[in-house]
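Note: the block below is target-v8.txt and it holds compact mmCIF, C-alpha atoms and all ligand atoms.
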# COMPACT_ATOMS: atom_id res chain seq x y z
CA MET A 1 85.79 45.69 234.88
CA LYS A 2 88.52 43.57 233.38
CA THR A 3 87.91 41.06 230.58
CA LEU A 4 89.96 37.95 229.88
CA VAL A 5 89.57 36.45 226.42
CA ALA A 6 91.06 32.99 225.94
CA ASN A 7 91.95 32.18 222.33
CA TRP A 8 92.48 28.44 222.11
CA LYS A 9 93.32 28.70 218.39
CA MET A 10 93.47 25.30 216.62
CA HIS A 11 95.08 23.59 219.60
CA VAL A 12 92.12 21.70 221.06
CA GLY A 13 89.22 19.53 219.96
CA ILE A 14 85.82 19.11 221.55
CA ARG A 15 86.87 17.10 224.59
CA GLU A 16 89.84 19.25 225.49
CA SER A 17 87.74 22.39 224.97
CA ALA A 18 85.12 21.02 227.34
CA ALA A 19 87.79 20.33 229.96
CA LEU A 20 89.24 23.83 229.62
CA ALA A 21 85.75 25.34 229.88
CA ARG A 22 85.13 23.43 233.12
CA ALA A 23 88.50 24.62 234.42
CA ALA A 24 87.53 28.22 233.64
CA LEU A 25 84.31 27.78 235.64
CA LEU A 26 86.30 26.37 238.56
CA ALA A 27 88.80 29.23 238.37
CA LEU A 28 85.97 31.74 238.86
CA ARG A 29 84.09 29.85 241.55
CA GLY A 30 83.73 31.62 244.88
CA ARG A 31 85.64 34.74 243.85
CA ALA A 32 84.31 38.00 245.26
CA HIS A 33 86.08 39.92 242.49
CA ALA A 34 85.97 38.07 239.20
CA PRO A 35 86.80 39.28 235.69
CA ASP A 36 84.55 38.71 232.70
CA VAL A 37 85.83 35.63 230.91
CA VAL A 38 85.29 34.79 227.25
CA VAL A 39 86.56 31.46 225.91
CA CYS A 40 87.12 31.00 222.20
CA PRO A 41 87.29 27.33 221.15
CA PRO A 42 87.41 26.14 217.54
CA PHE A 43 84.06 26.26 215.68
CA THR A 44 83.49 22.53 216.21
CA ALA A 45 83.43 22.95 219.99
CA LEU A 46 81.39 26.16 220.27
CA ALA A 47 78.01 24.54 220.97
CA ASP A 48 79.36 22.03 223.50
CA VAL A 49 81.35 24.67 225.34
CA HIS A 50 78.34 26.96 225.41
CA LYS A 51 76.27 24.24 227.07
CA ILE A 52 78.94 23.82 229.74
CA VAL A 53 79.22 27.51 230.60
CA ALA A 54 75.54 28.47 230.13
CA ARG A 55 74.18 30.40 233.12
CA SER A 56 77.69 31.28 234.30
CA HIS A 57 79.81 34.39 233.92
CA VAL A 58 81.83 32.70 231.21
CA ALA A 59 80.84 33.68 227.67
CA VAL A 60 81.80 32.00 224.42
CA GLY A 61 83.39 33.50 221.33
CA ALA A 62 84.26 32.26 217.84
CA GLN A 63 87.77 32.75 216.49
CA ASP A 64 86.55 34.10 213.16
CA LEU A 65 83.40 34.34 211.06
CA PHE A 66 82.34 35.07 207.48
CA TRP A 67 80.33 38.18 206.61
CA GLU A 68 77.53 36.71 204.48
CA GLU A 69 74.47 35.30 206.19
CA THR A 70 73.82 32.24 204.01
CA GLY A 71 74.75 31.03 200.55
CA ALA A 72 77.19 29.07 198.44
CA PHE A 73 80.37 29.74 200.42
CA THR A 74 81.84 26.30 200.93
CA GLY A 75 83.64 25.98 204.22
CA GLU A 76 82.62 29.31 205.70
CA ILE A 77 80.71 29.95 208.94
CA SER A 78 78.21 32.81 209.00
CA PRO A 79 77.54 35.18 211.89
CA ARG A 80 74.12 33.62 212.26
CA MET A 81 75.66 30.16 212.63
CA VAL A 82 78.06 31.48 215.24
CA ALA A 83 75.21 33.12 217.18
CA GLU A 84 73.14 29.94 216.90
CA THR A 85 75.78 28.05 218.95
CA GLY A 86 75.23 30.46 221.82
CA ALA A 87 78.45 32.36 221.21
CA ALA A 88 78.22 36.08 221.94
CA TYR A 89 81.66 37.20 220.73
CA ALA A 90 83.77 36.79 217.61
CA ILE A 91 87.47 37.47 217.17
CA VAL A 92 88.05 39.36 213.93
CA GLY A 93 91.30 40.11 212.11
CA HIS A 94 93.69 38.08 214.21
CA SER A 95 97.21 38.52 212.86
CA GLU A 96 97.42 34.79 212.09
CA ARG A 97 94.42 35.19 209.80
CA ARG A 98 95.88 38.30 208.21
CA ARG A 99 99.27 36.63 207.68
CA LEU A 100 98.27 33.07 206.77
CA PHE A 101 94.78 33.34 205.28
CA GLY A 102 94.81 36.52 203.26
CA GLU A 103 92.70 38.58 205.64
CA THR A 104 92.87 42.26 204.63
CA ASP A 105 91.75 45.52 206.22
CA GLU A 106 88.73 45.32 203.90
CA THR A 107 87.66 41.78 204.86
CA VAL A 108 88.21 42.59 208.53
CA GLY A 109 85.86 45.54 208.06
CA LYS A 110 83.18 43.33 206.52
CA LYS A 111 83.49 40.82 209.33
CA THR A 112 83.32 43.47 212.04
CA ALA A 113 80.19 44.93 210.46
CA ALA A 114 78.61 41.49 210.14
CA ALA A 115 79.36 40.60 213.76
CA LEU A 116 77.79 43.81 215.02
CA ALA A 117 74.77 43.37 212.76
CA HIS A 118 74.15 40.01 214.46
CA ARG A 119 74.69 41.41 217.95
CA LEU A 120 77.94 39.58 218.38
CA THR A 121 80.63 41.54 220.21
CA PRO A 122 83.62 41.75 217.87
CA VAL A 123 87.11 41.37 219.30
CA VAL A 124 88.95 43.35 216.64
CA CYS A 125 92.66 42.56 216.56
CA VAL A 126 95.23 45.10 215.44
CA GLY A 127 98.99 45.12 215.79
CA GLU A 128 102.23 46.08 214.12
CA THR A 129 105.06 43.79 212.99
CA ALA A 130 108.59 44.08 214.37
CA GLU A 131 109.69 45.83 211.16
CA GLU A 132 106.86 48.35 211.36
CA ARG A 133 107.69 49.02 214.99
CA ALA A 134 111.38 49.49 214.21
CA ALA A 135 110.42 51.97 211.50
CA GLY A 136 108.38 54.00 214.01
CA ARG A 137 105.14 53.13 212.23
CA THR A 138 103.20 51.53 215.10
CA GLU A 139 100.52 54.22 215.37
CA ALA A 140 100.18 54.57 211.60
CA VAL A 141 99.60 50.82 211.24
CA ILE A 142 97.26 50.18 214.15
CA GLY A 143 95.35 53.39 213.46
CA ARG A 144 94.80 52.32 209.85
CA GLN A 145 93.72 48.83 210.91
CA LEU A 146 91.29 50.20 213.47
CA ARG A 147 89.67 52.74 211.14
CA ALA A 148 89.33 50.12 208.39
CA ALA A 149 87.80 47.58 210.77
CA PHE A 150 84.97 49.98 211.58
CA ALA A 151 84.68 51.65 208.18
CA SER A 152 81.29 50.12 207.42
CA ALA A 153 80.16 49.04 210.89
CA ALA A 154 76.85 50.26 212.26
CA LEU A 155 77.33 50.85 215.96
CA HIS A 156 74.07 50.68 217.89
CA GLU A 157 73.26 52.47 221.11
CA GLY A 158 74.20 49.51 223.25
CA SER A 159 76.98 48.14 221.03
CA ARG A 160 80.02 46.92 222.83
CA VAL A 161 83.24 46.35 220.99
CA LEU A 162 86.54 44.98 222.14
CA ILE A 163 89.71 46.17 220.45
CA ALA A 164 92.70 43.90 221.00
CA TYR A 165 96.14 45.41 220.65
CA GLU A 166 98.26 42.40 219.70
CA PRO A 167 101.71 43.39 218.46
CA VAL A 168 102.66 40.65 215.98
CA TRP A 169 106.17 40.39 217.43
CA ALA A 170 104.75 39.67 220.90
CA ILE A 171 102.46 36.80 219.88
CA GLY A 172 103.86 33.45 220.94
CA SER A 173 107.35 34.92 221.35
CA GLY A 174 107.64 35.03 225.13
CA HIS A 175 108.31 38.77 224.81
CA PRO A 176 105.21 40.78 225.71
CA ALA A 177 105.00 44.52 225.22
CA SER A 178 105.93 46.41 228.37
CA PRO A 179 102.94 47.77 230.30
CA GLN A 180 104.10 51.29 229.36
CA ASP A 181 104.20 50.52 225.64
CA ALA A 182 100.83 48.75 225.84
CA VAL A 183 99.32 51.71 227.71
CA ALA A 184 100.57 54.14 225.04
CA ALA A 185 99.12 52.03 222.22
CA HIS A 186 95.83 51.58 224.09
CA ALA A 187 95.47 55.30 224.74
CA PHE A 188 96.05 55.95 221.04
CA LEU A 189 93.53 53.30 219.92
CA ARG A 190 90.92 54.55 222.39
CA ARG A 191 91.37 58.11 221.14
CA VAL A 192 90.98 57.04 217.50
CA PHE A 193 87.94 54.94 218.36
CA ARG A 194 86.24 57.69 220.37
CA ASP A 195 87.08 60.59 218.05
CA GLU A 196 86.84 58.97 214.62
CA VAL A 197 84.78 55.79 214.89
CA LYS A 198 82.18 56.20 217.56
CA GLY A 199 81.42 59.86 216.89
CA GLY A 200 78.53 60.97 219.05
CA GLY A 201 77.24 57.42 219.53
CA ARG A 202 76.99 55.58 222.79
CA ALA A 203 78.90 52.40 221.87
CA ARG A 204 81.24 51.20 224.60
CA GLU A 205 84.76 50.08 223.84
CA GLY A 206 87.19 47.95 225.79
CA VAL A 207 90.84 47.81 224.79
CA LEU A 208 92.61 44.52 225.48
CA TYR A 209 96.28 43.64 225.28
CA GLY A 210 97.44 40.34 223.73
CA GLY A 211 100.83 38.75 223.10
CA SER A 212 102.75 36.46 225.49
CA VAL A 213 100.53 37.17 228.48
CA ASP A 214 101.06 34.62 231.24
CA ALA A 215 100.55 34.19 234.98
CA ASP A 216 103.76 36.12 235.71
CA ASN A 217 103.01 39.28 233.76
CA ALA A 218 99.18 39.44 233.82
CA PHE A 219 98.96 41.49 237.03
CA ALA A 220 101.37 44.20 235.84
CA LEU A 221 99.37 44.61 232.63
CA LEU A 222 95.90 44.38 234.14
CA ARG A 223 96.55 46.90 236.89
CA GLU A 224 96.89 49.64 234.28
CA ASP A 225 93.65 51.61 233.93
CA GLU A 226 94.17 51.82 230.15
CA ILE A 227 94.21 48.02 229.90
CA ASP A 228 90.62 46.79 230.07
CA GLY A 229 91.63 43.17 229.72
CA ILE A 230 93.84 40.68 227.97
CA LEU A 231 93.67 38.27 225.06
CA ILE A 232 95.52 35.12 226.00
CA GLY A 233 96.80 32.43 223.65
CA GLY A 234 99.24 29.79 224.90
CA ALA A 235 98.73 30.38 228.63
CA SER A 236 94.98 29.89 228.28
CA LEU A 237 95.57 26.25 227.28
CA ASN A 238 97.05 25.43 230.66
CA ALA A 239 94.39 25.31 233.38
CA ALA A 240 96.84 26.18 236.17
CA GLN A 241 98.20 29.19 234.24
CA PHE A 242 94.73 30.35 233.35
CA THR A 243 93.56 30.00 236.95
CA ALA A 244 96.51 32.09 238.10
CA ILE A 245 95.66 34.76 235.51
CA VAL A 246 92.04 34.83 236.76
CA ALA A 247 93.43 35.25 240.29
CA ALA A 248 95.67 38.12 239.14
CA ALA A 249 92.66 39.83 237.57
CA GLY A 250 90.74 39.26 240.81
CA ASP A 251 93.54 40.94 242.79
CA VAL A 252 93.48 43.94 240.45
CA LEU A 253 89.68 44.21 240.74
CA GLU A 254 89.86 43.97 244.53
CA GLY A 255 92.39 46.81 244.53
CA LEU A 256 90.11 48.89 242.31
CA ALA A 257 87.13 48.22 244.59
CA SER A 258 89.01 49.34 247.68
CA ARG A 259 90.20 52.49 245.84
CA SER A 260 86.65 53.63 245.06
P1 LIG A 301 100.06 34.09 222.97
O1 LIG A 301 99.41 34.48 224.28
O2 LIG A 301 100.33 32.64 222.85
O3 LIG A 301 101.26 34.96 222.71
O4 LIG A 301 99.00 34.40 221.82
C1 LIG A 301 98.37 35.62 221.80
C2 LIG A 301 97.28 35.57 220.81
O5 LIG A 301 97.51 35.47 219.61
C3 LIG A 301 95.92 35.63 221.31
O6 LIG A 301 95.01 35.87 220.30
Written form, structure tokens:
Amino acid sequence: MKTLVANWKMHVGIRESAALARAALLALRGRAHAPDVVVCPPFTALADVHKIVARSHVAVGAQDLFWEETGAFTGEISPRMVAETGAAYAIVGHSERRRLFGETDETVGKKTAAALAHRLTPVVCVGETAEERAAGRTEAVIGRQLRAAFASAALHEGSRVLIAYEPVWAIGSGHPASPQDAVAAHAFLRRVFRDEVKGGGRAREGVLYGGSVDADNAFALLREDEIDGILIGGASLNAAQFTAIVAAAGDVLEGLASRS
């Protein structure tokens, strides 16, 4: 299966989120081979978007969450509140949150654990900066981020986690990682997850690529077996682009079906 996660960031309000959600439903309609789609609107639109996509193959995710369940934490949104909207996923540790809002490996770990404890599928973002890449530190950085994210997480039998490899230099830059570089990073992350995080447990992981994915490059990324899906920012805000990405995923899935 291939999973498309649309991160609408802080670009849209309730009405625009509703329109994008309807466009996502239309993009999937009538397709024999359709990817799993998760749309991540701002908190304020979660409940409305969930009503629109209920009983469809489109799921809803939050863009962040806090780790405590209730209490005096002005401005924060708890995992329970996220789940209450009908959302089933939560992005955790996006590089914008790490860079702009003081998110650390430790807070990402608390959030990942809290999401899993509330049966939300975390979409754990990791990725190196351009400087770290130039210094040959990509694996050291993303390995550290991944281990820290799951340091205190309790993975259940049926837990599903998504790991998003989002190189910081590729986000919003128009310069995605090459499929080969993404495949190498994904293989590394999957190995670390399976050998050091999951242990003998039965949790299932998917590794997504994010950073300047659009309708032109989605097919080349998605056709790689190592790439279980993509996390899309800017292109997910344009219904025509997003529809074309869904079609590209459908083509890849059709190819996979005819191979087996
Ligand atoms: P862009 O697709 O706009 O590069 O953003 C990627 C991203 O940050 C998704 O979370």
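Within 7 Å of segment 197-202 of chain A, once all atoms listed in the file are used and residues closer than 4 positions along the same chain are dropped, the contacting residues are A:Arg147, A:Phe150, A:Glu157, A:Gly158, A:Val192, A:Phe193.
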(request) Would you list the residues that come within 9 Å of ligand LIG 301 (chain A)? Count only C-alpha atoms and all ligand atoms and give the answer as a count of residues only. (result) 34
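Shortest atom-to-atom contact with Arg99 of chain A among A:Ser260, A:Thr74, A:Thr129, A:Thr121: A:Thr129, counting all atoms listed in the file.
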(message) My list of candidates is A:Ala151, A:Met10, A:Ala88, A:Ala218. Which is closest to Ala249 of chain A when distances are computed with all atoms listed in the file?
(response) A:Ala218
(request) Just the residues within 10 Å of Ala23 of chain A, please, counting only C-alpha atoms, with nothing from its chain fewer than 6 positions along; format it as a ChimeraX atom specification. (result) /A:17,29,238-240,242-243
(request) Please indicate the distance in Å from atom CA of His186 of chain A to atom CA of Val58 of chain A, rounded to one decimal place. (result) 24.6 Å
(request) Compare A:Thr44, A:Thr112, A:Ser178, A:Ser159 by their minimum atom-to-atom distance to Ile227 of chain A, counting only C-alpha atoms, and give me the closest one. (result) A:Ser178
(request) Tell me, as a VMD selection string, which residues lie within 12 Å of segment 76-81 of chain A, counting only C-alpha atoms; anything in the same chain fewer than 5 positions away does not count. (result) chain A and resid 42 to 44 46 to 47 61 to 71 86 to 92 110 to 122
Residues as selected, C-alpha atoms, written as a compact mmCIF listing (two decimals), in the frame of the given file, can you do that?
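Result went into again-v9.txt, see below:
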# COMPACT_ATOMS: atom_id res chain seq x y z
CA PRO A 42 87.41 26.14 217.54
CA PHE A 43 84.06 26.26 215.68
CA THR A 44 83.49 22.53 216.21
CA LEU A 46 81.39 26.16 220.27
CA ALA A 47 78.01 24.54 220.97
CA GLY A 61 83.39 33.50 221.33
CA ALA A 62 84.26 32.26 217.84
CA GLN A 63 87.77 32.75 216.49
CA ASP A 64 86.55 34.10 213.16
CA LEU A 65 83.40 34.34 211.06
CA PHE A 66 82.34 35.07 207.48
CA TRP A 67 80.33 38.18 206.61
CA GLU A 68 77.53 36.71 204.48
CA GLU A 69 74.47 35.30 206.19
CA THR A 70 73.82 32.24 204.01
CA GLY A 71 74.75 31.03 200.55
CA GLY A 86 75.23 30.46 221.82
CA ALA A 87 78.45 32.36 221.21
CA ALA A 88 78.22 36.08 221.94
CA TYR A 89 81.66 37.20 220.73
CA ALA A 90 83.77 36.79 217.61
CA ILE A 91 87.47 37.47 217.17
CA VAL A 92 88.05 39.36 213.93
CA LYS A 110 83.18 43.33 206.52
CA LYS A 111 83.49 40.82 209.33
CA THR A 112 83.32 43.47 212.04
CA ALA A 113 80.19 44.93 210.46
CA ALA A 114 78.61 41.49 210.14
CA ALA A 115 79.36 40.60 213.76
CA LEU A 116 77.79 43.81 215.02
CA ALA A 117 74.77 43.37 212.76
CA HIS A 118 74.15 40.01 214.46
CA ARG A 119 74.69 41.41 217.95
CA LEU A 120 77.94 39.58 218.38
CA THR A 121 80.63 41.54 220.21
CA PRO A 122 83.62 41.75 217.87
(request) Could you give me, as a VMD selection string, the residues that have an atom at most 9 Å away from the point (88.1, 24.8, 225.9) in the coordinates of the file, using only C-alpha atoms? (result) chain A and resid 6 8 12 to 24 39 to 42 45 to 46 49 236 to 237
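Using only C-alpha atoms, the smallest distance between any of A:Val123, A:Glu224, A:Ala153, A:Gly109 and Val38 of chain A comes from A:Val123.
Residues having any atom no farther than 9 Å from (92.4, 51.0, 238.1) (counting all atoms listed in the file) are Leu222, Arg223, Glu224, Asp225, Glu226, Ile227, Val252, Leu253, Gly255, Leu256, Ala257 and Arg259 of chain A.
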(message) Restricting the calculation to all atoms listed in the file: of A:Arg160, A:Arg204, A:Arg144, A:Arg55, which residue gets closest to Leu189 of chain A?
(response) A:Arg144
(message) Would you pick out the contacts of Glu128 of chain A at 7 Å or less, using all atoms listed in the file, so that residues sharing its chain but fewer than 6 positions from it are not included, and give the list as a PyMOL selection string?
(response) chain A and resi 138+141-142+167-168
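Atom to atom, atom CA of Ala215 of chain A and atom CA of Ala247 of chain A stand 8.9 Å apart.
One distance worth recording is that between atom CA of Leu100 of chain A and atom CA of Gly229 of chain A, which is 25.9 Å.
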